[in-house]
file query_11.cif (mmCIF, C-alpha atoms)
data_start
#
loop_
_atom_site.label_atom_id
_atom_site.label_comp_id
_atom_site.auth_asym_id
_atom_site.auth_seq_id
_atom_site.Cartn_x
_atom_site.Cartn_y
_atom_site.Cartn_z
CA MET A 25 -2.58 16.78 12.09
CA SER A 26 -2.39 15.67 8.48
CA ASN A 27 0.27 13.41 7.05
CA ALA A 28 1.54 16.33 4.98
CA ALA A 29 2.05 18.43 8.09
CA ARG A 30 4.05 15.77 9.91
CA PHE A 31 6.50 14.87 7.14
CA PRO A 32 7.41 16.27 3.75
CA ALA A 33 5.97 14.50 0.71
CA PRO A 34 8.24 11.83 -0.80
CA LYS A 35 11.00 13.25 -2.99
CA SER A 36 12.37 12.16 -6.36
CA LYS A 37 14.30 8.91 -6.56
CA SER A 38 17.71 10.59 -6.37
CA GLU A 39 16.70 12.92 -3.53
CA SER A 40 15.11 10.02 -1.62
CA GLU A 41 18.23 7.92 -1.98
CA GLU A 42 21.05 10.40 -1.63
CA GLY A 43 19.48 13.36 0.16
CA ILE A 44 19.35 14.21 3.84
CA VAL A 45 15.69 15.27 3.97
CA PHE A 46 13.60 12.68 5.78
CA ALA A 47 10.51 12.34 3.58
CA PRO A 48 9.12 8.88 4.30
CA ARG A 49 7.07 7.03 1.73
CA PHE A 50 3.90 5.52 3.26
CA ASP A 51 2.04 2.75 1.44
CA ALA A 52 -1.53 2.87 0.13
CA ASN A 53 -2.77 2.29 3.69
CA GLY A 54 -0.63 5.10 5.08
CA LEU A 55 1.80 2.69 6.72
CA VAL A 56 5.49 1.96 6.61
CA PRO A 57 6.99 -1.39 7.68
CA VAL A 58 9.35 -1.32 10.65
CA VAL A 59 11.98 -3.86 11.65
CA ALA A 60 12.91 -3.81 15.33
CA THR A 61 16.18 -5.47 16.30
CA SER A 62 17.76 -5.92 19.71
CA ALA A 63 20.45 -3.29 20.28
CA ALA A 64 22.17 -5.83 22.51
CA THR A 65 22.18 -8.95 20.33
CA GLY A 66 21.22 -7.78 16.82
CA GLU A 67 18.42 -10.34 16.76
CA VAL A 68 15.31 -9.39 14.75
CA LEU A 69 12.56 -8.99 17.34
CA MET A 70 9.51 -8.10 15.28
CA LEU A 71 8.17 -6.63 12.08
CA ALA A 72 5.41 -4.08 12.61
CA TYR A 73 3.95 -0.97 10.98
CA MET A 74 3.83 2.75 11.72
CA ASN A 75 1.50 5.40 10.40
CA ASP A 76 2.68 9.00 10.34
CA GLU A 77 1.59 9.61 13.93
CA ALA A 78 3.36 6.51 15.28
CA LEU A 79 6.47 7.52 13.37
CA ALA A 80 6.34 11.10 14.70
CA ARG A 81 5.78 9.96 18.28
CA THR A 82 8.60 7.44 18.10
CA ILE A 83 10.98 10.12 16.86
CA GLU A 84 9.89 12.65 19.46
CA THR A 85 9.84 10.36 22.47
CA GLY A 86 12.47 7.74 21.62
CA GLU A 87 9.89 5.10 22.64
CA ALA A 88 8.62 2.77 19.92
CA HIS A 89 5.04 3.44 18.80
CA TYR A 90 3.31 1.38 16.14
CA TRP A 91 0.03 1.24 14.31
CA SER A 92 -1.95 -1.84 15.24
CA ARG A 93 -3.58 -3.10 12.06
CA SER A 94 -5.70 -5.59 13.98
CA ARG A 95 -7.10 -2.98 16.37
CA GLY A 96 -6.93 0.02 14.05
CA ARG A 97 -5.23 2.29 16.54
CA LEU A 98 -1.93 3.77 17.63
CA TRP A 99 -0.11 1.65 20.13
CA ARG A 100 2.82 2.45 22.35
CA LYS A 101 4.82 -0.74 22.55
CA GLY A 102 4.57 -2.14 26.06
CA GLU A 103 1.61 0.01 27.11
CA GLU A 104 -0.07 -3.09 28.51
CA SER A 105 2.69 -5.64 28.89
CA GLY A 106 5.33 -3.27 30.25
CA ASN A 107 7.73 -4.50 27.55
CA SER A 108 8.39 -1.08 26.09
CA GLN A 109 11.13 -0.44 23.55
CA ARG A 110 13.60 2.40 23.97
CA VAL A 111 14.99 3.35 20.57
CA VAL A 112 18.78 3.42 20.52
CA GLU A 113 19.07 4.11 16.80
CA MET A 114 16.60 4.66 14.00
CA ARG A 115 17.34 4.41 10.29
CA THR A 116 15.51 4.61 7.00
CA ASP A 117 16.30 2.74 3.81
CA CYS A 118 17.32 3.84 0.34
CA ASP A 119 13.88 4.82 -0.90
CA GLN A 120 12.61 5.79 2.55
CA ASP A 121 9.76 3.28 2.63
CA ALA A 122 11.02 1.17 5.54
CA ILE A 123 12.34 1.85 9.04
CA TRP A 124 14.89 -0.01 11.17
CA LEU A 125 14.83 0.45 14.94
CA LYS A 126 17.57 -0.79 17.25
CA VAL A 127 15.85 -1.08 20.62
CA GLU A 128 16.39 -1.90 24.25
CA THR A 129 13.40 -3.79 25.61
CA ALA A 130 12.22 -3.02 29.14
CA GLY A 131 10.34 -5.39 31.40
CA ALA A 132 10.47 -9.08 30.58
CA ASP A 133 12.74 -8.58 27.55
CA ALA A 134 10.07 -9.95 25.25
CA ALA A 135 8.90 -8.39 21.99
CA CYS A 136 6.31 -11.01 21.10
CA HIS A 137 2.79 -11.21 22.50
CA THR A 138 3.30 -14.96 22.87
CA GLY A 139 5.88 -14.21 25.56
CA ARG A 140 8.96 -14.86 23.46
CA ARG A 141 11.92 -12.50 23.11
CA SER A 142 11.40 -12.36 19.34
CA CYS A 143 8.36 -13.00 17.14
CA PHE A 144 10.66 -15.07 14.91
CA TYR A 145 10.86 -18.24 17.02
CA ARG A 146 10.34 -20.81 14.25
CA ALA A 147 12.65 -21.80 11.42
CA ILE A 148 11.50 -22.76 7.92
CA PRO A 149 13.31 -25.82 6.51
CA LEU A 150 15.37 -25.24 3.37
CA GLY A 151 16.00 -27.42 0.35
CA ALA A 152 12.65 -29.07 -0.28
CA ALA A 153 9.82 -27.98 -2.54
CA PRO A 154 7.03 -26.66 -0.32
CA GLY A 155 4.32 -28.55 -2.21
CA GLY A 156 4.31 -31.45 0.18
CA GLY A 157 3.99 -29.24 3.26
CA LEU A 158 6.75 -27.84 5.41
CA SER A 159 7.23 -28.37 9.13
CA LEU A 160 8.58 -25.49 11.17
CA THR A 161 11.16 -25.98 13.92
CA PHE A 162 10.98 -24.03 17.17
CA VAL A 163 14.19 -22.08 17.89
CA ASP A 164 14.89 -19.56 20.66
CA ALA A 165 11.29 -20.12 21.66
CA GLU A 166 11.50 -19.92 25.46
CA ARG A 167 8.77 -17.75 26.92
CA GLN A 168 9.91 -14.76 28.97
CA PHE A 169 6.42 -14.20 30.33
CA ASP A 170 3.06 -15.95 30.43
CA PRO A 171 0.70 -14.19 28.01
CA GLU A 172 -2.33 -15.52 29.86
CA THR A 173 -1.24 -13.65 32.96
CA VAL A 174 -0.08 -10.46 31.28
CA TYR A 175 -3.02 -9.81 28.94
CA ARG A 176 -6.13 -9.86 31.09
CA HIS A 177 -8.45 -7.83 28.94
CA ALA A 178 -11.03 -8.07 26.21
CA ASP A 179 -8.63 -7.77 23.30
CA ALA A 180 -6.61 -10.71 24.50
CA ALA A 181 -9.76 -12.75 24.97
CA LYS A 182 -10.86 -11.87 21.46
CA GLY A 183 -7.49 -12.89 20.14
CA THR A 184 -6.86 -9.59 18.38
CA LEU A 185 -3.60 -8.67 20.08
CA LYS A 186 -0.38 -8.61 18.11
CA SER A 187 3.17 -8.51 19.42
CA SER A 188 3.78 -7.72 23.05
CA GLU A 189 1.46 -4.77 23.60
CA MET B 20 0.75 -23.01 -9.93
CA SER B 21 -1.77 -21.32 -7.65
CA ASN B 22 -1.01 -19.88 -4.27
CA ALA B 23 -3.15 -22.57 -2.70
CA ALA B 24 -1.05 -25.28 -4.32
CA ARG B 25 2.25 -23.85 -3.09
CA PHE B 26 1.36 -23.31 0.57
CA PRO B 27 -1.53 -24.26 2.84
CA ALA B 28 -4.10 -21.54 3.56
CA PRO B 29 -3.45 -19.57 6.75
CA LYS B 30 -4.53 -21.38 9.91
CA SER B 31 -6.35 -20.20 13.02
CA LYS B 32 -4.56 -17.80 15.36
CA SER B 33 -3.48 -20.53 17.76
CA GLU B 34 -2.35 -22.88 14.99
CA SER B 35 -0.47 -20.06 13.24
CA GLU B 36 1.32 -19.11 16.43
CA GLU B 37 2.00 -22.42 18.11
CA GLY B 38 1.80 -24.95 15.30
CA ILE B 39 4.50 -26.41 13.10
CA VAL B 40 2.65 -26.18 9.77
CA PHE B 41 4.11 -23.44 7.60
CA ALA B 42 1.03 -21.66 6.25
CA PRO B 43 2.18 -18.13 5.40
CA ARG B 44 -0.25 -15.24 5.39
CA PHE B 45 0.14 -13.08 2.26
CA ASP B 46 -1.26 -9.55 2.20
CA ALA B 47 -3.98 -8.21 -0.12
CA ASN B 48 -1.37 -7.95 -2.88
CA GLY B 49 -0.21 -11.53 -2.38
CA LEU B 50 3.03 -10.44 -0.75
CA VAL B 51 4.83 -10.99 2.52
CA PRO B 52 7.51 -8.61 3.86
CA VAL B 53 11.00 -10.05 4.28
CA VAL B 54 13.84 -8.79 6.43
CA ALA B 55 17.29 -9.87 5.27
CA THR B 56 20.11 -9.63 7.81
CA SER B 57 23.79 -10.41 7.42
CA ALA B 58 24.57 -13.84 8.85
CA ALA B 59 28.05 -12.50 9.62
CA THR B 60 27.29 -9.21 11.36
CA GLY B 61 23.56 -9.28 12.18
CA GLU B 62 23.13 -5.98 10.36
CA VAL B 63 19.77 -5.42 8.65
CA LEU B 64 20.55 -5.37 4.93
CA MET B 65 17.19 -4.75 3.30
CA LEU B 66 13.45 -5.04 3.56
CA ALA B 67 11.81 -6.54 0.50
CA TYR B 68 8.77 -8.60 -0.46
CA MET B 69 8.08 -12.14 -1.66
CA ASN B 70 5.06 -13.53 -3.43
CA ASP B 71 4.32 -17.23 -3.11
CA GLU B 72 6.62 -18.12 -6.00
CA ALA B 73 9.56 -16.13 -4.63
CA LEU B 74 9.02 -17.74 -1.26
CA ALA B 75 8.85 -21.24 -2.75
CA ARG B 76 11.97 -20.72 -4.87
CA THR B 77 13.91 -19.30 -1.93
CA ILE B 78 13.02 -22.34 0.18
CA GLU B 79 13.84 -24.82 -2.59
CA THR B 80 17.11 -23.27 -3.75
CA GLY B 81 18.44 -21.58 -0.61
CA GLU B 82 19.04 -18.48 -2.77
CA ALA B 83 17.00 -15.37 -1.95
CA HIS B 84 14.27 -14.56 -4.47
CA TYR B 85 11.99 -11.55 -4.13
CA TRP B 86 9.04 -9.96 -5.87
CA SER B 87 9.98 -6.64 -7.41
CA ARG B 88 7.04 -4.33 -6.87
CA SER B 89 8.53 -1.68 -9.14
CA ARG B 90 9.01 -4.07 -12.05
CA GLY B 91 6.17 -6.45 -11.30
CA ARG B 92 8.23 -9.60 -11.62
CA LEU B 93 10.11 -12.30 -9.74
CA TRP B 94 13.71 -11.44 -9.10
CA ARG B 95 16.59 -13.61 -7.97
CA LYS B 96 18.70 -11.36 -5.80
CA GLY B 97 21.99 -10.68 -7.58
CA GLU B 98 20.81 -11.86 -10.99
CA GLU B 99 22.29 -8.71 -12.52
CA SER B 100 24.70 -7.37 -9.92
CA GLY B 101 26.17 -10.72 -8.89
CA ASN B 102 25.42 -9.86 -5.27
CA SER B 103 23.33 -12.94 -4.63
CA GLN B 104 22.22 -13.98 -1.15
CA ARG B 105 22.70 -17.50 0.15
CA VAL B 106 20.16 -18.19 2.87
CA VAL B 107 21.76 -19.51 6.05
CA GLU B 108 18.58 -19.52 8.09
CA MET B 109 14.98 -18.65 7.38
CA ARG B 110 12.31 -17.94 9.98
CA THR B 111 8.70 -16.88 10.13
CA ASP B 112 7.02 -14.81 12.82
CA CYS B 113 4.21 -15.49 15.27
CA ASP B 114 1.32 -14.99 12.87
CA GLN B 115 3.30 -16.11 9.81
CA ASP B 116 2.95 -12.87 7.89
CA ALA B 117 6.64 -11.91 7.84
CA ILE B 118 9.91 -13.66 6.98
CA TRP B 119 13.43 -13.23 8.35
CA LEU B 120 16.38 -14.37 6.23
CA LYS B 121 19.93 -14.59 7.55
CA VAL B 122 22.07 -14.41 4.44
CA GLU B 123 25.61 -14.54 3.15
CA THR B 124 26.07 -12.05 0.31
CA ALA B 125 28.22 -13.04 -2.64
CA GLY B 126 30.06 -10.64 -4.93
CA ALA B 127 30.68 -7.13 -3.67
CA ASP B 128 29.00 -7.79 -0.30
CA ALA B 129 26.36 -5.17 -1.08
CA ALA B 130 22.61 -5.59 -0.64
CA CYS B 131 21.62 -2.12 -1.83
CA HIS B 132 21.28 -1.03 -5.45
CA THR B 133 23.08 2.18 -4.47
CA GLY B 134 26.21 0.11 -3.88
CA ARG B 135 26.05 0.06 -0.10
CA ARG B 136 26.27 -3.03 2.08
CA SER B 137 22.86 -2.24 3.58
CA CYS B 138 19.91 -0.21 2.33
CA PHE B 139 19.75 1.36 5.80
CA TYR B 140 22.65 3.80 5.48
CA ARG B 141 20.99 6.89 6.99
CA ALA B 142 19.99 7.56 10.60
CA ILE B 143 16.90 9.51 11.64
CA PRO B 144 17.55 12.01 14.48
CA LEU B 145 15.66 11.36 17.71
CA GLY B 146 14.17 13.76 20.25
CA ALA B 147 12.70 16.53 18.09
CA ALA B 148 9.21 16.90 16.69
CA PRO B 149 9.38 16.19 12.96
CA GLY B 150 7.24 19.20 12.06
CA GLY B 151 10.20 21.42 11.36
CA GLY B 152 11.88 18.92 9.03
CA LEU B 153 14.42 16.28 9.98
CA SER B 154 17.91 15.87 8.55
CA LEU B 155 19.23 12.37 8.05
CA THR B 156 22.81 11.42 8.86
CA PHE B 157 24.77 9.05 6.64
CA VAL B 158 26.13 6.04 8.55
CA ASP B 159 27.90 2.95 7.20
CA ALA B 160 27.34 4.48 3.77
CA GLU B 161 30.52 3.50 1.94
CA ARG B 162 29.81 2.14 -1.51
CA GLN B 163 31.00 -1.41 -2.19
CA PHE B 164 30.41 -1.02 -5.92
CA ASP B 165 29.60 1.69 -8.44
CA PRO B 166 25.94 1.33 -9.47
CA GLU B 167 26.61 3.24 -12.71
CA THR B 168 29.03 0.52 -13.77
CA VAL B 169 27.07 -2.47 -12.54
CA TYR B 170 23.62 -1.62 -13.90
CA ARG B 171 24.05 -0.98 -17.61
CA HIS B 172 20.56 -1.63 -18.81
CA ALA B 173 17.24 -0.01 -19.48
CA ASP B 174 15.76 -0.56 -16.04
CA ALA B 175 18.62 1.25 -14.38
CA ALA B 176 18.30 4.10 -16.84
CA LYS B 177 14.60 4.32 -16.12
CA GLY B 178 15.33 4.36 -12.44
CA THR B 179 13.05 1.46 -11.65
CA LEU B 180 15.59 -0.79 -9.98
CA LYS B 181 15.35 -1.54 -6.29
CA SER B 182 17.97 -3.08 -4.01
CA SER B 183 20.97 -4.73 -5.57
CA GLU B 184 19.44 -6.72 -8.37
#

call {"tool": "encode", "arguments": {"input": "query_11.cif", "output": "structure tokens"}}
result
Amino acid sequence: MSNAARFPAPKSKSESEEGIVFAPRFDANGLVPVVATSAATGEVLMLAYMNDEALARTIETGEAHYWSRSRGRLWRKGEESGNSQRVVEMRTDCDQDAIWLKVETAGADAACHTGRRSCFYRAIPLGAAPGGGLSLTFVDAERQFDPETVYRHADAAKGTLKSSE
Amino acid sequence: MSNAARFPAPKSKSESEEGIVFAPRFDANGLVPVVATSAATGEVLMLAYMNDEALARTIETGEAHYWSRSRGRLWRKGEESGNSQRVVEMRTDCDQDAIWLKVETAGADAACHTGRRSCFYRAIPLGAAPGGGLSLTFVDAERQFDPETVYRHADAAKGTLKSSE
């Protein structure tokens, strides 16, 4: 099915911003960035991408689907790890080129392929010019699962996995 | 100053994910997507982009700077609207190609150029195939300011403004 068949073409600025027709704006690669937050805690879990098919499937099924840029294929979140994401609420932004999902995570309650709850487990220090090099600080970085145990397949071995697939 | 001078080049997968060196991974356009959430409520306010200069200035000053794709220039959030964003915490994700800012918004407490607190003021309905067209629902869509009053300049008239600049 073509992109055009799944969603209407993007509208004018005023219709995009103030209208009720969902007409998402995909980028040059046919993708839209997606922020997933925990419906329970509000924490940002991950930033990923959807193509039109992932977006359509997520809407239809209420289960988060993404487009894996590293593997070049559609990916139902948790299809391998079991850490699927049930969508509690889904929103688009003013110009309809970004998506926000509030999700409940099944399984080990981990969104990140490294085993952490969130992919955002390191803080960037503020206040210094970055020229001299900046050291990250681990925060909320406890692993909920062992990625070595969960991903026992070729993709993991090749290091091409992203997030908690 | 070149990109290379501002930040180290991206590291290997394992160093990116488990190391403490901040070596952000910019996309083909030299940008990295940024999620800004309210430090007070956890709400997702906006999704925007930074180039290396916006990222460096944000880190140095603790005030959110972005790259405006529509205007092709660096932009200090709130430089026109007064709705600047003080960064309370800044994180990067597993492969260092996305940024999360927790911010306090000054001024009218609005991140969106339409006058709303968040750019994500419309919900996408779940459960139906999108083929037949999907109607968005306005949520948390009260305007905190009148964009007609705040943006009295050529860019606003041309409709090229994004977010609450």

call {"tool": "closest_residue", "arguments": {"input": "query_11.cif", "among": "B:Arg136, B:Arg141, B:Arg110, B:Lys121", "to": "Val163 in chain A", "atoms": "only C-alpha atoms"}}
result
B:Arg110

call {"tool": "residues_around", "arguments": {"input": "query_11.cif", "residues": "Glu128 in chain A", "least_positions_apart": "4", "cutoff": "10 Å", "atoms": "only C-alpha atoms", "output": "list in words"}}
result
Ala60, Thr61, Ser62, Ala63, Ala64, Thr65, Glu87, Asn107, Ser108, Gln109, Arg110, Val111, Val112, Glu113 and Asp133 of chain A

call {"tool": "interface_residues", "arguments": {"input": "query_11.cif", "of": "chain A", "to": "chain B", "cutoff": "7 Å", "atoms": "only C-alpha atoms", "output": "PyMOL selection string"}}
result
chain A and resi 29-31+44-46+66-67+71+80+83-86+114-118+122+143-148+150-155+158-161

call {"tool": "write_last_selection", "arguments": {"input": "query_11.cif", "atoms": "C-alpha atoms", "output": "mmCIF file, in the coordinates of the input"}}
result
data_model
loop_
_atom_site.group_PDB
_atom_site.id
_atom_site.type_symbol
_atom_site.label_atom_id
_atom_site.label_comp_id
_atom_site.auth_asym_id
_atom_site.auth_seq_id
_atom_site.Cartn_x
_atom_site.Cartn_y
_atom_site.Cartn_z
ATOM 1 C CA ALA A 29 2.050 18.430 8.090
ATOM 2 C CA ARG A 30 4.050 15.770 9.910
ATOM 3 C CA PHE A 31 6.500 14.870 7.140
ATOM 4 C CA ILE A 44 19.350 14.210 3.840
ATOM 5 C CA VAL A 45 15.690 15.270 3.970
ATOM 6 C CA PHE A 46 13.600 12.680 5.780
ATOM 7 C CA GLY A 66 21.220 -7.780 16.820
ATOM 8 C CA GLU A 67 18.420 -10.340 16.760
ATOM 9 C CA LEU A 71 8.170 -6.630 12.080
ATOM 10 C CA ALA A 80 6.340 11.100 14.700
ATOM 11 C CA ILE A 83 10.980 10.120 16.860
ATOM 12 C CA GLU A 84 9.890 12.650 19.460
ATOM 13 C CA THR A 85 9.840 10.360 22.470
ATOM 14 C CA GLY A 86 12.470 7.740 21.620
ATOM 15 C CA MET A 114 16.600 4.660 14.000
ATOM 16 C CA ARG A 115 17.340 4.410 10.290
ATOM 17 C CA THR A 116 15.510 4.610 7.000
ATOM 18 C CA ASP A 117 16.300 2.740 3.810
ATOM 19 C CA CYS A 118 17.320 3.840 0.340
ATOM 20 C CA ALA A 122 11.020 1.170 5.540
ATOM 21 C CA CYS A 143 8.360 -13.000 17.140
ATOM 22 C CA PHE A 144 10.660 -15.070 14.910
ATOM 23 C CA TYR A 145 10.860 -18.240 17.020
ATOM 24 C CA ARG A 146 10.340 -20.810 14.250
ATOM 25 C CA ALA A 147 12.650 -21.800 11.420
ATOM 26 C CA ILE A 148 11.500 -22.760 7.920
ATOM 27 C CA LEU A 150 15.370 -25.240 3.370
ATOM 28 C CA GLY A 151 16.000 -27.420 0.350
ATOM 29 C CA ALA A 152 12.650 -29.070 -0.280
ATOM 30 C CA ALA A 153 9.820 -27.980 -2.540
ATOM 31 C CA PRO A 154 7.030 -26.660 -0.320
ATOM 32 C CA GLY A 155 4.320 -28.550 -2.210
ATOM 33 C CA LEU A 158 6.750 -27.840 5.410
ATOM 34 C CA SER A 159 7.230 -28.370 9.130
ATOM 35 C CA LEU A 160 8.580 -25.490 11.170
ATOM 36 C CA THR A 161 11.160 -25.980 13.920
#

call {"tool": "atom_distance", "arguments": {"input": "query_11.cif", "atom1": "CA of Asp164 in chain A", "atom2": "CA of Ala83 in chain B"}}
result
23.1 Å

call {"tool": "atom_distance", "arguments": {"input": "query_11.cif", "atom1": "CA of Arg92 in chain B", "atom2": "CA of Val51 in chain B"}}
result
14.6 Å

call {"tool": "atom_distance", "arguments": {"input": "query_11.cif", "atom1": "CA of Phe45 in chain B", "atom2": "CA of Ala135 in chain A"}}
result
22.1 Å

call {"tool": "residues_around", "arguments": {"input": "query_11.cif", "residues": "Trp86 in chain B", "least_positions_apart": "3", "cutoff": "7 Å", "atoms": "all atoms listed in the file", "output": "ChimeraX atom specification"}}
result
/B:68-70,73,92-94

call {"tool": "decode", "arguments": {"input": "query_11.cif", "residues": "range 83-167 of chain B", "atoms": "C-alpha atoms", "output": "PDB file, in the first residue's frame"}}
result
ATOM      1  CA  ALA B  83      17.816  25.762  25.164  1.00  0.00           C
ATOM      2  CA  HIS B  84      19.073  26.586  21.673  1.00  0.00           C
ATOM      3  CA  TYR B  85      17.822  24.817  18.567  1.00  0.00           C
ATOM      4  CA  TRP B  86      18.437  24.757  14.844  1.00  0.00           C
ATOM      5  CA  SER B  87      15.456  26.088  12.937  1.00  0.00           C
ATOM      6  CA  ARG B  88      15.100  23.930   9.844  1.00  0.00           C
ATOM      7  CA  SER B  89      12.490  26.249   8.366  1.00  0.00           C
ATOM      8  CA  ARG B  90      14.666  29.347   8.714  1.00  0.00           C
ATOM      9  CA  GLY B  91      18.050  27.686   8.417  1.00  0.00           C
ATOM     10  CA  ARG B  92      19.541  29.362  11.465  1.00  0.00           C
ATOM     11  CA  LEU B  93      20.399  28.954  15.128  1.00  0.00           C
ATOM     12  CA  TRP B  94      17.601  29.950  17.433  1.00  0.00           C
ATOM     13  CA  ARG B  95      17.604  30.594  21.156  1.00  0.00           C
ATOM     14  CA  LYS B  96      14.235  29.372  22.348  1.00  0.00           C
ATOM     15  CA  GLY B  97      12.166  32.367  23.432  1.00  0.00           C
ATOM     16  CA  GLU B  98      14.347  34.967  21.732  1.00  0.00           C
ATOM     17  CA  GLU B  99      11.204  36.556  20.292  1.00  0.00           C
ATOM     18  CA  SER B 100       8.351  35.222  22.391  1.00  0.00           C
ATOM     19  CA  GLY B 101      10.108  35.465  25.753  1.00  0.00           C
ATOM     20  CA  ASN B 102       9.221  31.827  26.405  1.00  0.00           C
ATOM     21  CA  SER B 103      12.784  30.718  26.972  1.00  0.00           C
ATOM     22  CA  GLN B 104      13.662  27.301  28.366  1.00  0.00           C
ATOM     23  CA  ARG B 105      16.067  26.864  31.263  1.00  0.00           C
ATOM     24  CA  VAL B 106      17.577  23.392  31.130  1.00  0.00           C
ATOM     25  CA  VAL B 107      17.246  21.540  34.420  1.00  0.00           C
ATOM     26  CA  GLU B 108      18.666  18.277  33.155  1.00  0.00           C
ATOM     27  CA  MET B 109      20.059  17.100  29.847  1.00  0.00           C
ATOM     28  CA  ARG B 110      20.523  13.490  28.791  1.00  0.00           C
ATOM     29  CA  THR B 111      21.618  11.534  25.760  1.00  0.00           C
ATOM     30  CA  ASP B 112      20.406   8.118  24.662  1.00  0.00           C
ATOM     31  CA  CYS B 113      22.107   4.767  24.210  1.00  0.00           C
ATOM     32  CA  ASP B 114      23.688   5.456  20.836  1.00  0.00           C
ATOM     33  CA  GLN B 115      24.026   9.201  21.441  1.00  0.00           C
ATOM     34  CA  ASP B 116      21.885  10.279  18.516  1.00  0.00           C
ATOM     35  CA  ALA B 117      19.070  11.912  20.510  1.00  0.00           C
ATOM     36  CA  ILE B 118      18.840  14.422  23.364  1.00  0.00           C
ATOM     37  CA  TRP B 119      16.325  14.799  26.185  1.00  0.00           C
ATOM     38  CA  LEU B 120      15.977  18.179  27.903  1.00  0.00           C
ATOM     39  CA  LYS B 121      13.984  18.700  31.085  1.00  0.00           C
ATOM     40  CA  VAL B 122      13.176  22.397  31.048  1.00  0.00           C
ATOM     41  CA  GLU B 123      11.540  25.184  32.984  1.00  0.00           C
ATOM     42  CA  THR B 124       9.722  27.545  30.622  1.00  0.00           C
ATOM     43  CA  ALA B 125       9.834  31.267  31.319  1.00  0.00           C
ATOM     44  CA  GLY B 126       7.241  33.789  30.207  1.00  0.00           C
ATOM     45  CA  ALA B 127       3.822  32.504  29.241  1.00  0.00           C
ATOM     46  CA  ASP B 128       4.729  28.865  29.986  1.00  0.00           C
ATOM     47  CA  ALA B 129       4.170  27.964  26.340  1.00  0.00           C
ATOM     48  CA  ALA B 130       6.508  25.889  24.176  1.00  0.00           C
ATOM     49  CA  CYS B 131       4.417  25.994  21.003  1.00  0.00           C
ATOM     50  CA  HIS B 132       4.315  28.860  18.514  1.00  0.00           C
ATOM     51  CA  THR B 133       0.531  28.410  18.407  1.00  0.00           C
ATOM     52  CA  GLY B 134       0.404  29.623  22.000  1.00  0.00           C
ATOM     53  CA  ARG B 135      -0.101  26.245  23.638  1.00  0.00           C
ATOM     54  CA  ARG B 136       1.948  24.862  26.512  1.00  0.00           C
ATOM     55  CA  SER B 137       2.935  21.859  24.394  1.00  0.00           C
ATOM     56  CA  CYS B 138       3.109  21.307  20.639  1.00  0.00           C
ATOM     57  CA  PHE B 139       1.334  17.981  21.235  1.00  0.00           C
ATOM     58  CA  TYR B 140      -2.206  19.274  21.726  1.00  0.00           C
ATOM     59  CA  ARG B 141      -4.065  16.767  19.538  1.00  0.00           C
ATOM     60  CA  ALA B 142      -4.662  13.053  20.106  1.00  0.00           C
ATOM     61  CA  ILE B 143      -4.725  10.440  17.354  1.00  0.00           C
ATOM     62  CA  PRO B 144      -7.598   7.919  17.691  1.00  0.00           C
ATOM     63  CA  LEU B 145      -6.560   4.298  18.220  1.00  0.00           C
ATOM     64  CA  GLY B 146      -8.127   1.065  16.999  1.00  0.00           C
ATOM     65  CA  ALA B 147      -9.217   1.893  13.449  1.00  0.00           C
ATOM     66  CA  ALA B 148      -7.364   1.442  10.185  1.00  0.00           C
ATOM     67  CA  PRO B 149      -6.254   4.884   9.004  1.00  0.00           C
ATOM     68  CA  GLY B 150      -7.392   4.268   5.431  1.00  0.00           C
ATOM     69  CA  GLY B 151     -10.725   5.953   5.921  1.00  0.00           C
ATOM     70  CA  GLY B 152      -9.216   9.106   7.423  1.00  0.00           C
ATOM     71  CA  LEU B 153      -8.617   9.821  11.087  1.00  0.00           C
ATOM     72  CA  SER B 154      -9.965  12.750  13.085  1.00  0.00           C
ATOM     73  CA  LEU B 155      -7.754  14.278  15.729  1.00  0.00           C
ATOM     74  CA  THR B 156      -9.088  15.358  19.117  1.00  0.00           C
ATOM     75  CA  PHE B 157      -7.864  18.536  20.788  1.00  0.00           C
ATOM     76  CA  VAL B 158      -6.470  17.909  24.280  1.00  0.00           C
ATOM     77  CA  ASP B 159      -4.692  20.336  26.626  1.00  0.00           C
ATOM     78  CA  ALA B 160      -5.069  22.861  23.820  1.00  0.00           C
ATOM     79  CA  GLU B 161      -5.715  26.074  25.745  1.00  0.00           C
ATOM     80  CA  ARG B 162      -3.634  28.951  24.439  1.00  0.00           C
ATOM     81  CA  GLN B 163      -1.274  30.582  26.940  1.00  0.00           C
ATOM     82  CA  PHE B 164      -0.651  33.514  24.611  1.00  0.00           C
ATOM     83  CA  ASP B 165      -2.002  34.969  21.389  1.00  0.00           C
ATOM     84  CA  PRO B 166       0.480  34.226  18.591  1.00  0.00           C
ATOM     85  CA  GLU B 167      -0.908  37.109  16.508  1.00  0.00           C
TER      86      GLU B 167
END
